[in-house]
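Enquirer: start01.pdb is reproduced below (PDB, C-alpha atoms and all ligand atoms).
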MODEL        1
ATOM      1  CA  MET A   1     110.257  71.516  93.268
ATOM      2  CA  ALA A   2     109.607  70.019  96.683
ATOM      3  CA  LYS A   3     113.168  70.866  97.584
ATOM      4  CA  ARG A   4     112.749  74.482  96.599
ATOM      5  CA  SER A   5     109.604  75.019  98.670
ATOM      6  CA  ALA A   6     111.342  73.459 101.672
ATOM      7  CA  LEU A   7     114.110  76.017 101.259
ATOM      8  CA  LEU A   8     111.645  78.854 101.111
ATOM      9  CA  ILE A   9     110.324  78.089 104.600
ATOM     10  CA  VAL A  10     113.567  79.401 106.055
ATOM     11  CA  PRO A  11     114.769  82.854 105.001
ATOM     12  CA  THR A  12     118.235  81.730 104.078
ATOM     13  CA  LEU A  13     120.228  83.597 101.484
ATOM     14  CA  ALA A  14     119.447  80.774  99.050
ATOM     15  CA  ALA A  15     115.732  81.351  99.620
ATOM     16  CA  LEU A  16     116.130  85.074  99.109
ATOM     17  CA  VAL A  17     117.988  84.496  95.888
ATOM     18  CA  ALA A  18     115.390  81.967  94.735
ATOM     19  CA  ALA A  19     112.581  84.388  95.520
ATOM     20  CA  THR A  20     114.208  87.306  93.763
ATOM     21  CA  ALA A  21     115.213  85.096  90.820
ATOM     22  CA  ALA A  22     111.594  83.998  90.460
ATOM     23  CA  LEU A  23     110.717  87.645  90.021
ATOM     24  CA  ALA A  24     113.636  88.533  87.807
ATOM     25  CA  ALA A  25     111.676  88.336  84.557
ATOM     26  CA  ALA A  26     109.115  90.847  85.776
ATOM     27  CA  ALA A  27     111.561  92.863  87.862
ATOM     28  CA  PRO A  28     114.496  94.164  85.854
ATOM     29  CA  ALA A  29     115.642  96.411  88.736
ATOM     30  CA  ALA A  30     118.936  94.691  89.502
ATOM     31  CA  PRO A  31     117.974  91.657  91.620
ATOM     32  CA  ALA A  32     121.696  91.145  92.246
ATOM     33  CA  ALA A  33     121.646  94.282  94.396
ATOM     34  CA  HIS A  34     119.000  92.708  96.635
ATOM     35  CA  ALA A  35     121.075  89.594  97.111
ATOM     36  CA  ALA A  36     124.095  91.759  97.866
ATOM     37  CA  ALA A  37     122.111  93.682 100.463
ATOM     38  CA  ALA A  38     121.087  90.437 102.153
ATOM     39  CA  GLN A  39     124.660  89.200 102.128
ATOM     40  CA  THR A  40     126.178  92.247 103.763
ATOM     41  CA  ALA A  41     124.293  91.834 107.002
ATOM     42  CA  THR A  42     126.724  93.965 108.945
ATOM     43  CA  ALA A  43     127.170  96.653 106.282
ATOM     44  CA  PRO A  44     123.819  97.618 104.774
ATOM     45  CA  GLN A  45     125.377 100.600 103.036
ATOM     46  CA  ALA A  46     127.643  98.388 100.999
ATOM     47  CA  ALA A  47     124.951  97.641  98.390
ATOM     48  CA  PRO A  48     125.680  99.977  95.506
ATOM     49  CA  ALA A  49     122.805 101.703  93.758
ATOM     50  CA  ALA A  50     122.938 101.331  89.994
ATOM     51  CA  SER A  51     123.541 104.732  88.443
ATOM     52  CA  SER A  52     120.480 104.499  86.207
ATOM     53  CA  GLY A  53     118.363 102.696  88.824
ATOM     54  CA  PRO A  54     116.458 103.705  91.941
ATOM     55  CA  PRO A  55     117.660 106.404  94.356
ATOM     56  CA  ALA A  56     120.807 105.880  96.391
ATOM     57  CA  VAL A  57     120.839 103.494  99.341
ATOM     58  CA  THR A  58     119.151 104.717 102.513
ATOM     59  CA  PRO A  59     121.534 106.155 105.120
ATOM     60  CA  ASP A  60     121.933 103.833 108.066
ATOM     61  CA  PRO A  61     119.832 104.974 111.026
ATOM     62  CA  TYR A  62     121.202 102.127 113.165
ATOM     63  CA  SER A  63     124.583 103.848 113.295
ATOM     64  CA  ASP A  64     123.358 107.467 113.145
ATOM     65  CA  GLY A  65     120.150 107.447 115.216
ATOM     66  CA  SER A  66     119.617 107.973 118.953
ATOM     67  CA  VAL A  67     116.769 106.107 120.673
ATOM     68  CA  GLN A  68     116.724 108.703 123.451
ATOM     69  CA  ALA A  69     116.420 111.669 121.118
ATOM     70  CA  GLY A  70     113.807 109.735 119.134
ATOM     71  CA  ALA A  71     111.728 109.115 122.265
ATOM     72  CA  ALA A  72     111.388 112.850 122.897
ATOM     73  CA  LYS A  73     110.228 113.505 119.342
ATOM     74  CA  ALA A  74     108.000 110.425 119.061
ATOM     75  CA  THR A  75     105.303 111.678 121.436
ATOM     76  CA  MET A  76     103.883 113.677 118.505
ATOM     77  CA  CYS A  77     103.362 110.423 116.634
ATOM     78  CA  PHE A  78     101.537 108.577 119.429
ATOM     79  CA  ALA A  79      98.163 110.260 118.773
ATOM     80  CA  CYS A  80      97.807 108.200 115.604
ATOM     81  CA  HIS A  81     100.395 105.414 115.860
ATOM     82  CA  GLY A  82      99.559 104.615 119.482
ATOM     83  CA  PRO A  83     101.700 104.584 122.624
ATOM     84  CA  ASP A  84     105.207 103.444 121.632
ATOM     85  CA  GLY A  85     103.970 102.766 118.104
ATOM     86  CA  ASN A  86     101.300 100.174 118.912
ATOM     87  CA  SER A  87      98.331 101.806 117.215
ATOM     88  CA  VAL A  88      94.808 101.108 118.381
ATOM     89  CA  SER A  89      92.936 102.136 115.242
ATOM     90  CA  PRO A  90      93.341  99.817 112.220
ATOM     91  CA  VAL A  91      93.881 102.701 109.783
ATOM     92  CA  PHE A  92      97.150 103.641 111.457
ATOM     93  CA  PRO A  93     100.034 101.209 110.950
ATOM     94  CA  ARG A  94     101.943  99.844 113.920
ATOM     95  CA  LEU A  95     105.517 101.114 114.008
ATOM     96  CA  ALA A  96     106.709  99.228 117.109
ATOM     97  CA  GLY A  97     109.484  96.815 116.146
ATOM     98  CA  GLN A  98     109.467  97.932 112.517
ATOM     99  CA  ASN A  99     112.950  97.981 111.075
ATOM    100  CA  ALA A 100     114.698 101.325 111.249
ATOM    101  CA  VAL A 101     116.050 101.348 107.699
ATOM    102  CA  TYR A 102     112.525 100.905 106.361
ATOM    103  CA  ILE A 103     110.992 103.532 108.699
ATOM    104  CA  ALA A 104     113.613 106.107 107.698
ATOM    105  CA  GLU A 105     113.154 105.337 104.029
ATOM    106  CA  GLN A 106     109.359 105.716 104.216
ATOM    107  CA  LEU A 107     109.601 108.997 106.169
ATOM    108  CA  ARG A 108     111.852 110.420 103.449
ATOM    109  CA  LEU A 109     109.382 109.270 100.797
ATOM    110  CA  PHE A 110     106.511 111.037 102.622
ATOM    111  CA  ARG A 111     108.651 114.154 103.060
ATOM    112  CA  GLY A 112     109.553 114.102  99.359
ATOM    113  CA  GLY A 113     105.915 113.706  98.301
ATOM    114  CA  ILE A 114     106.564 110.344  96.653
ATOM    115  CA  ARG A 115     104.430 108.348  99.103
ATOM    116  CA  GLN A 116     101.347 110.488  99.493
ATOM    117  CA  ASN A 117      99.059 110.671 102.508
ATOM    118  CA  PRO A 118      97.689 113.998 103.756
ATOM    119  CA  MET A 119      98.358 113.201 107.432
ATOM    120  CA  MET A 120     101.872 111.864 106.934
ATOM    121  CA  THR A 121     102.872 114.520 104.422
ATOM    122  CA  ALA A 122     102.137 117.140 107.058
ATOM    123  CA  MET A 123     103.957 115.195 109.771
ATOM    124  CA  ALA A 124     107.068 114.420 107.725
ATOM    125  CA  ALA A 125     107.429 117.938 106.297
ATOM    126  CA  GLY A 126     108.903 119.253 109.549
ATOM    127  CA  LEU A 127     111.378 116.430 110.178
ATOM    128  CA  SER A 128     115.124 116.839 109.674
ATOM    129  CA  ASP A 129     117.314 113.934 108.550
ATOM    130  CA  GLU A 130     118.517 113.660 112.133
ATOM    131  CA  ASP A 131     114.917 113.507 113.471
ATOM    132  CA  ILE A 132     114.154 110.764 110.945
ATOM    133  CA  ASP A 133     117.090 108.586 112.043
ATOM    134  CA  ASN A 134     116.262 109.151 115.730
ATOM    135  CA  LEU A 135     112.558 108.322 115.279
ATOM    136  CA  ALA A 136     113.436 105.261 113.193
ATOM    137  CA  VAL A 137     115.637 103.679 115.855
ATOM    138  CA  PHE A 138     113.195 104.628 118.629
ATOM    139  CA  PHE A 139     110.249 102.839 116.990
ATOM    140  CA  ALA A 140     112.446  99.904 115.935
ATOM    141  CA  ALA A 141     113.366  99.387 119.599
ATOM    142  CA  GLN A 142     109.736  99.125 120.814
ATOM    143  CA  THR A 143     107.972  95.776 121.337
ATOM    144  CA  PRO A 144     105.083  95.101 118.948
ATOM    145  CA  SER A 145     101.777  93.991 120.417
ATOM    146  CA  GLY A 146      98.375  93.824 118.876
ATOM    147  CA  LEU A 147      95.447  91.776 117.686
ATOM    148  CA  GLU A 148      95.264  88.086 116.900
ATOM    149  CA  ALA A 149      94.642  86.422 113.539
ATOM    150  CA  ASP A 150      91.041  85.773 112.465
ATOM    151  CA  PRO A 151      90.532  82.008 113.105
ATOM    152  CA  THR A 152      88.557  81.598 109.852
ATOM    153  CA  LEU A 153      91.354  83.086 107.750
ATOM    154  CA  TRP A 154      94.699  82.298 109.272
ATOM    155  CA  LYS A 155      95.212  78.788 107.818
ATOM    156  CA  ALA A 156      94.891  79.993 104.218
ATOM    157  CA  GLY A 157      97.020  82.995 105.138
ATOM    158  CA  GLN A 158      99.694  80.810 106.689
ATOM    159  CA  ALA A 159      99.848  78.546 103.615
ATOM    160  CA  LEU A 160     100.372  81.536 101.343
ATOM    161  CA  TYR A 161     102.878  83.151 103.712
ATOM    162  CA  LEU A 162     104.996  79.999 104.054
ATOM    163  CA  SER A 163     104.701  78.439 100.609
ATOM    164  CA  GLY A 164     103.474  81.104  98.188
ATOM    165  CA  ASP A 165     101.104  80.241  95.348
ATOM    166  CA  ARG A 166     103.013  78.457  92.633
ATOM    167  CA  LYS A 167     100.088  78.450  90.219
ATOM    168  CA  HIS A 168     100.108  82.246  90.122
ATOM    169  CA  ASP A 169     103.873  82.716  90.515
ATOM    170  CA  VAL A 170     103.589  84.196  93.998
ATOM    171  CA  PRO A 171     106.764  83.624  96.056
ATOM    172  CA  ALA A 172     106.532  82.765  99.736
ATOM    173  CA  CYS A 173     106.311  85.892 101.882
ATOM    174  CA  VAL A 174     108.501  84.210 104.513
ATOM    175  CA  ALA A 175     111.540  84.418 102.216
ATOM    176  CA  CYS A 176     111.741  88.171 102.666
ATOM    177  CA  HIS A 177     109.515  89.013 105.643
ATOM    178  CA  GLY A 178     110.900  86.219 107.865
ATOM    179  CA  PRO A 179     109.383  83.307 109.843
ATOM    180  CA  THR A 180     108.039  85.582 112.590
ATOM    181  CA  GLY A 181     107.311  88.498 110.255
ATOM    182  CA  GLN A 182     110.322  90.369 111.577
ATOM    183  CA  GLY A 183     111.452  91.515 108.121
ATOM    184  CA  ASN A 184     115.102  91.837 107.159
ATOM    185  CA  PRO A 185     116.721  94.957 108.607
ATOM    186  CA  ALA A 186     119.963  94.608 106.655
ATOM    187  CA  ALA A 187     118.129  94.475 103.337
ATOM    188  CA  GLY A 188     115.512  97.056 104.393
ATOM    189  CA  TYR A 189     112.575  94.617 104.068
ATOM    190  CA  PRO A 190     109.755  95.697 106.408
ATOM    191  CA  ALA A 191     108.463  93.707 109.369
ATOM    192  CA  LEU A 192     104.825  92.582 109.075
ATOM    193  CA  ARG A 193     104.297  90.966 112.505
ATOM    194  CA  ALA A 194     101.431  92.407 114.576
ATOM    195  CA  GLN A 195     100.604  94.807 111.767
ATOM    196  CA  GLN A 196      96.958  95.930 111.542
ATOM    197  CA  SER A 197      95.346  93.623 108.967
ATOM    198  CA  ALA A 198      93.198  96.443 107.547
ATOM    199  CA  TYR A 199      96.365  98.468 106.887
ATOM    200  CA  VAL A 200      98.094  95.461 105.284
ATOM    201  CA  VAL A 201      95.164  94.913 102.899
ATOM    202  CA  THR A 202      95.176  98.607 101.922
ATOM    203  CA  GLN A 203      98.909  98.508 101.167
ATOM    204  CA  LEU A 204      98.654  95.307  99.114
ATOM    205  CA  GLN A 205      95.860  96.946  97.104
ATOM    206  CA  SER A 206      97.928 100.075  96.583
ATOM    207  CA  TYR A 207     100.918  98.058  95.312
ATOM    208  CA  ALA A 208      98.585  96.044  93.034
ATOM    209  CA  SER A 209      97.029  99.184  91.566
ATOM    210  CA  GLY A 210     100.421 100.882  91.268
ATOM    211  CA  THR A 211      99.470 103.783  93.557
ATOM    212  CA  ARG A 212     101.622 103.154  96.626
ATOM    213  CA  TYR A 213     104.117 105.724  95.290
ATOM    214  CA  SER A 214     103.611 108.552  92.852
ATOM    215  CA  GLY A 215     105.770 110.164  90.187
ATOM    216  CA  PRO A 216     107.273 108.982  86.924
ATOM    217  CA  ASN A 217     109.201 106.107  88.563
ATOM    218  CA  ALA A 218     106.501 105.001  90.994
ATOM    219  CA  THR A 219     107.258 101.282  90.874
ATOM    220  CA  THR A 220     110.975 101.816  91.489
ATOM    221  CA  ALA A 221     110.602 104.533  94.139
ATOM    222  CA  THR A 222     112.695 102.446  96.550
ATOM    223  CA  PRO A 223     115.484 100.000  95.681
ATOM    224  CA  ASN A 224     113.172  97.112  96.622
ATOM    225  CA  SER A 225     109.701  98.331  95.742
ATOM    226  CA  ILE A 226     109.389  96.649  92.344
ATOM    227  CA  MET A 227     109.178  93.295  94.138
ATOM    228  CA  MET A 228     105.965  94.145  95.949
ATOM    229  CA  PHE A 229     104.349  95.779  92.922
ATOM    230  CA  THR A 230     104.940  92.515  91.070
ATOM    231  CA  ILE A 231     103.812  90.215  93.879
ATOM    232  CA  ALA A 232     100.690  92.125  94.914
ATOM    233  CA  LYS A 233      99.311  92.138  91.366
ATOM    234  CA  ARG A 234      99.219  88.343  91.468
ATOM    235  CA  LEU A 235      97.189  88.108  94.696
ATOM    236  CA  SER A 236      93.401  87.696  94.757
ATOM    237  CA  PRO A 237      91.347  89.845  97.163
ATOM    238  CA  ALA A 238      90.688  86.728  99.269
ATOM    239  CA  GLN A 239      94.427  85.964  99.474
ATOM    240  CA  MET A 240      95.141  89.541 100.586
ATOM    241  CA  GLN A 241      92.583  89.249 103.390
ATOM    242  CA  ALA A 242      93.868  85.860 104.528
ATOM    243  CA  VAL A 243      97.556  86.725 104.599
ATOM    244  CA  ALA A 244      96.844  90.076 106.291
ATOM    245  CA  SER A 245      94.995  88.263 109.050
ATOM    246  CA  TYR A 246      97.857  85.790 109.454
ATOM    247  CA  VAL A 247     100.563  88.438 109.803
ATOM    248  CA  GLN A 248      98.455  90.393 112.299
ATOM    249  CA  GLY A 249      98.775  87.383 114.613
ATOM    250  CA  LEU A 250     102.531  86.882 114.085
ATOM    251  CA  ARG A 251     104.949  87.889 116.874
TER     252      ARG A 251
HETATM  253  C1  LIG A 301      97.462 112.444 112.194
HETATM  254  C2  LIG A 301      97.816 111.044 112.238
HETATM  255  C3  LIG A 301      99.297 110.683 112.120
HETATM  256  C4  LIG A 301     100.349 111.188 112.856
HETATM  257  C5  LIG A 301     100.304 112.234 113.964
HETATM  258  C6  LIG A 301     101.528 110.464 112.399
HETATM  259  N1  LIG A 301     101.198 109.568 111.441
HETATM  260 FE1  LIG A 301     102.468 108.257 110.492
HETATM  261  N2  LIG A 301     100.919 107.496 109.404
HETATM  262  C7  LIG A 301      99.625 107.941 109.453
HETATM  263  C8  LIG A 301      98.843 107.229 108.455
HETATM  264  C9  LIG A 301      97.357 107.395 108.173
HETATM  265  C10 LIG A 301      99.728 106.343 107.807
HETATM  266  C11 LIG A 301      99.395 105.365 106.662
HETATM  267  C12 LIG A 301      99.623 106.093 105.372
HETATM  268  C13 LIG A 301      99.293 105.276 104.176
HETATM  269  O1  LIG A 301      98.301 104.554 104.198
HETATM  270  O2  LIG A 301     100.056 105.354 103.203
HETATM  271  C14 LIG A 301     101.022 106.540 108.418
HETATM  272  C15 LIG A 301     102.181 105.851 108.031
HETATM  273  C16 LIG A 301     103.423 106.018 108.617
HETATM  274  C17 LIG A 301     104.601 105.269 108.261
HETATM  275  C18 LIG A 301     104.689 104.159 107.235
HETATM  276  C19 LIG A 301     104.489 102.837 107.941
HETATM  277  C20 LIG A 301     104.656 101.624 107.077
HETATM  278  O3  LIG A 301     104.528 100.509 107.612
HETATM  279  O4  LIG A 301     104.934 101.768 105.880
HETATM  280  C21 LIG A 301     105.613 105.715 109.058
HETATM  281  C22 LIG A 301     107.043 105.216 109.070
HETATM  282  C23 LIG A 301     105.064 106.750 109.913
HETATM  283  N3  LIG A 301     103.733 106.899 109.616
HETATM  284  C24 LIG A 301     105.797 107.434 110.873
HETATM  285  C25 LIG A 301     105.283 108.481 111.659
HETATM  286  C26 LIG A 301     106.080 109.242 112.583
HETATM  287  C27 LIG A 301     107.548 108.995 112.882
HETATM  288  C28 LIG A 301     105.245 110.172 113.141
HETATM  289  C29 LIG A 301     105.597 111.262 114.141
HETATM  290  C30 LIG A 301     106.651 112.169 113.723
HETATM  291  C31 LIG A 301     103.931 109.977 112.562
HETATM  292  N4  LIG A 301     103.997 108.940 111.660
HETATM  293  C32 LIG A 301     102.801 110.690 112.889
HETATM  294  C33 LIG A 301      99.109 108.896 110.325
HETATM  295  C34 LIG A 301      99.845 109.646 111.221
HETATM  296  C1  LIG A 302     111.367  89.133  97.346
HETATM  297  C2  LIG A 302     111.107  89.697  98.662
HETATM  298  C3  LIG A 302     109.648  89.833  99.093
HETATM  299  C4  LIG A 302     108.673  88.880  99.071
HETATM  300  C5  LIG A 302     108.774  87.442  98.585
HETATM  301  C6  LIG A 302     107.490  89.496  99.642
HETATM  302  N1  LIG A 302     107.762  90.781 100.008
HETATM  303 FE1  LIG A 302     106.462  92.122 100.821
HETATM  304  N2  LIG A 302     107.864  93.567 100.775
HETATM  305  C7  LIG A 302     109.145  93.399 100.303
HETATM  306  C8  LIG A 302     109.802  94.681 100.270
HETATM  307  C9  LIG A 302     111.226  94.921  99.822
HETATM  308  C10 LIG A 302     108.881  95.639 100.730
HETATM  309  C11 LIG A 302     109.072  97.169 100.807
HETATM  310  C12 LIG A 302     108.757  97.669  99.414
HETATM  311  C13 LIG A 302     108.797  99.172  99.286
HETATM  312  O1  LIG A 302     109.904  99.717  99.359
HETATM  313  O2  LIG A 302     107.724  99.767  99.113
HETATM  314  C14 LIG A 302     107.666  94.912 101.048
HETATM  315  C15 LIG A 302     106.524  95.492 101.555
HETATM  316  C16 LIG A 302     105.396  94.797 101.908
HETATM  317  C17 LIG A 302     104.229  95.381 102.554
HETATM  318  C18 LIG A 302     104.071  96.821 103.002
HETATM  319  C19 LIG A 302     104.480  96.943 104.460
HETATM  320  C20 LIG A 302     104.138  98.257 105.116
HETATM  321  O3  LIG A 302     104.432  98.385 106.317
HETATM  322  O4  LIG A 302     103.568  99.140 104.476
HETATM  323  C21 LIG A 302     103.333  94.366 102.721
HETATM  324  C22 LIG A 302     101.959  94.460 103.360
HETATM  325  C23 LIG A 302     103.918  93.162 102.181
HETATM  326  N3  LIG A 302     105.184  93.446 101.681
HETATM  327  C24 LIG A 302     103.313  91.918 102.155
HETATM  328  C25 LIG A 302     103.834  90.778 101.528
HETATM  329  C26 LIG A 302     103.115  89.534 101.360
HETATM  330  C27 LIG A 302     101.713  89.281 101.872
HETATM  331  C28 LIG A 302     103.936  88.676 100.681
HETATM  332  C29 LIG A 302     103.645  87.256 100.209
HETATM  333  C30 LIG A 302     102.481  87.077  99.369
HETATM  334  C31 LIG A 302     105.176  89.391 100.434
HETATM  335  N4  LIG A 302     105.077  90.658 100.959
HETATM  336  C32 LIG A 302     106.278  88.848  99.780
HETATM  337  C33 LIG A 302     109.733  92.205  99.912
HETATM  338  C34 LIG A 302     109.067  91.021  99.685
ENDMDL
END
Represent the structure from my file as structure tokens, please.
Ligand code: HEC
Ligand code: HEC

Expert:
Amino acid sequence: MAKRSALLIVPTLAALVAATAALAAAAPAAPAAHAAAAQTATAPQAAPAASSGPPAVTPDPYSDGSVQAGAAKATMCFACHGPDGNSVSPVFPRLAGQNAVYIAEQLRLFRGGIRQNPMMTAMAAGLSDEDIDNLAVFFAAQTPSGLEADPTLWKAGQALYLSGDRKHDVPACVACHGPTGQGNPAAGYPALRAQQSAYVVTQLQSYASGTRYSGPNATTATPNSIMMFTIAKRLSPAQMQAVASYVQGLR
């Protein structure tokens, strides 16, 4: 067991496989596809979507998007998400440095009414697929900055982030979100570094309650979403607060 937790500190492929395997019982949505996505670091589109499973793999904004075209469009996002995606208000997530595959995927979910938020539904409604890819690579190219971790919370948050909570079958966050919270662009796992802790807590609650996405297949709305629905349910409110504070301070 000691060996396994040591592995989980580093987001190697073995750690990813271990983390997804730990969830396999609760997550029947083809964990092999996640491992395949992690393996094909240079070809994120190579992971095949199971015909009966979640929607097809996200198009690759890294090859299709233009940072320059995205910059022109992004000014309409700054009012809420802050200059260059570093939001000031904790209710608006930071987008700076977020991975482009994840940004594009979430914008399509807002546009399709699957992730529901009155402000974002209105914003995403007018975006073309090209706009989405351009905006995604623009925000991915920005440098995240933000608040620090709460000194009374970050130690507990760090322990959970790096080692998980074996008693409650919670895998280490680091396995998928990376040692500096940078996420995993090839696999489409979001970055968490510098993210507003209030926003992180809200999202963990919405996964836990099953409301992050709507519709008949809410927990499999994205190829990877079942993992977070499973993990968040196992977290206590205190653990959510602590780990949210920790990631807010990560760079
Ligand atoms: C009027 C305020 C507002 C504007 C303008 C706005 N957003 Fe948002 N955005 C939000 C809110 C609020 C959320 C959080 C929604 C939630 O809690 O589910 C959000 C969430 C997002 C997310 C999901 C982030 C994550 O980490 O999952 C993305 C991506 C996003 N917005 C992109 C954009 C883009 C691109 C634009 C400009 C075209 C834009 N937003 C304009 C308010 C806004
Ligand atoms: C097995 C991989 C994996 C592990 C382990 C994992 N996550 Fe995630 N996480 C994901 C994926 C994939 C998503 C995107 C899910 C989706 O499509 O909605 C995500 C999304 C999130 C989000 C939403 C981000 C946003 O911008 O809205 C938060 C917050 C989060 N995870 C926190 C955590 C925390 C805290 C832990 C540890 C307790 C953790 N995750 C462990 C894979 C993982």

Enquirer: List, as a PyMOL selection string, every residue that the PyMOL selection byres (((not hetatm)) within 6 of (chain A and resi 302)) selects in the file provided.

Expert: chain A and resi 19-20+161+171-173+175-176+189-190+200+203-204+222+224-225+227-228+243

Enquirer: Considering all atoms listed in the file, can you say which of A:Ala159, A:Ala218, A:Ala69, A:Ala191 comes closest to ligand LIG 301 (chain A)?

Expert: A:Ala191

Enquirer: Set the cut-off to 9 Å, count all atoms listed in the file, and list whatever residues fall near ligand LIG 301 (chain A) as a PyMOL selection string.

Expert: chain A and resi 70+73-81+85+91-95+98+100+102-107+110+115-124+126-127+131-132+135-136+139+190-192+195+199-200+202-203+206+212-213

Enquirer: Rounded to one decimal place, report the atom CA of Asn86 of chain A-atom CA of Val201 of chain A distance in Å.

Expert: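 Taking atom CA of Asn86 of chain A as the start and atom CA of Val201 of chain A as the end point, the length is 17.9 Å.
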
Enquirer: As AutoDock Vina command-line options, please report the centre and edge lengths, rounded to one decimal in Å, of the axis-aligned box that holds all listed atoms of segment 107-112 of chain A with 5 Å of padding on each of the six sides.

Expert:
--center_x 109.2 --center_y 111.6 --center_z 102.8 --size_x 15.3 --size_y 15.2 --size_z 16.8

Enquirer: What is the distance between atom CA of Tyr207 of chain A and atom CA of Ser245 of chain A, in Å to one decimal?

Expert: 17.9 Å

Enquirer: On this structure, the PyMOL selection byres (((chain A and resi 170) around 9) and not hetatm) would catch which residues? List them as a compact mmCIF listing (two decimals) with C-alpha atoms, in the coordinates of the input, sorted by chain and number.

Expert:
# COMPACT_ATOMS: atom_id res chain seq x y z
CA ALA A 22 111.59 84.00 90.46
CA LEU A 23 110.72 87.64 90.02
CA LEU A 160 100.37 81.54 101.34
CA SER A 163 104.70 78.44 100.61
CA GLY A 164 103.47 81.10 98.19
CA ASP A 165 101.10 80.24 95.35
CA ARG A 166 103.01 78.46 92.63
CA LYS A 167 100.09 78.45 90.22
CA HIS A 168 100.11 82.25 90.12
CA ASP A 169 103.87 82.72 90.52
CA PRO A 171 106.76 83.62 96.06
CA ALA A 172 106.53 82.76 99.74
CA CYS A 173 106.31 85.89 101.88
CA THR A 230 104.94 92.52 91.07
CA ILE A 231 103.81 90.22 93.88
CA ALA A 232 100.69 92.12 94.91
CA ARG A 234 99.22 88.34 91.47
CA LEU A 235 97.19 88.11 94.70

Enquirer: In terms of the shortest atom-to-atom distance over all atoms listed in the file, which of A:Ala221, A:Val174, A:Leu250, A:Ala186 is closest to Pro61 of chain A?

Expert: A:Ala186

Enquirer: Pick out the residues sitting within 8 Å of Ala96 of chain A, and hand them over as an MDAnalysis selection string; count only C-alpha atoms, and ignore anything fewer than 4 positions along from it in its own chain.

Expert: chainID A and resid 84:86 139:145

Enquirer: Out of A:Gln196, A:Gln182, A:Gln158, A:Thr220, which residue has the shortest atom-to-atom distance to Gln239 of chain A when counting all atoms listed in the file?

Expert: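 Between A:Gln196, A:Gln182, A:Gln158, A:Thr220, the residue approaching Gln239 of chain A most closely is A:Gln158.
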
Enquirer: I'd like the interatomic distance between atom CA of Gly82 of chain A and atom CA of Asp129 of chain A, to a tenth of an Å.

Expert: 22.8 Å
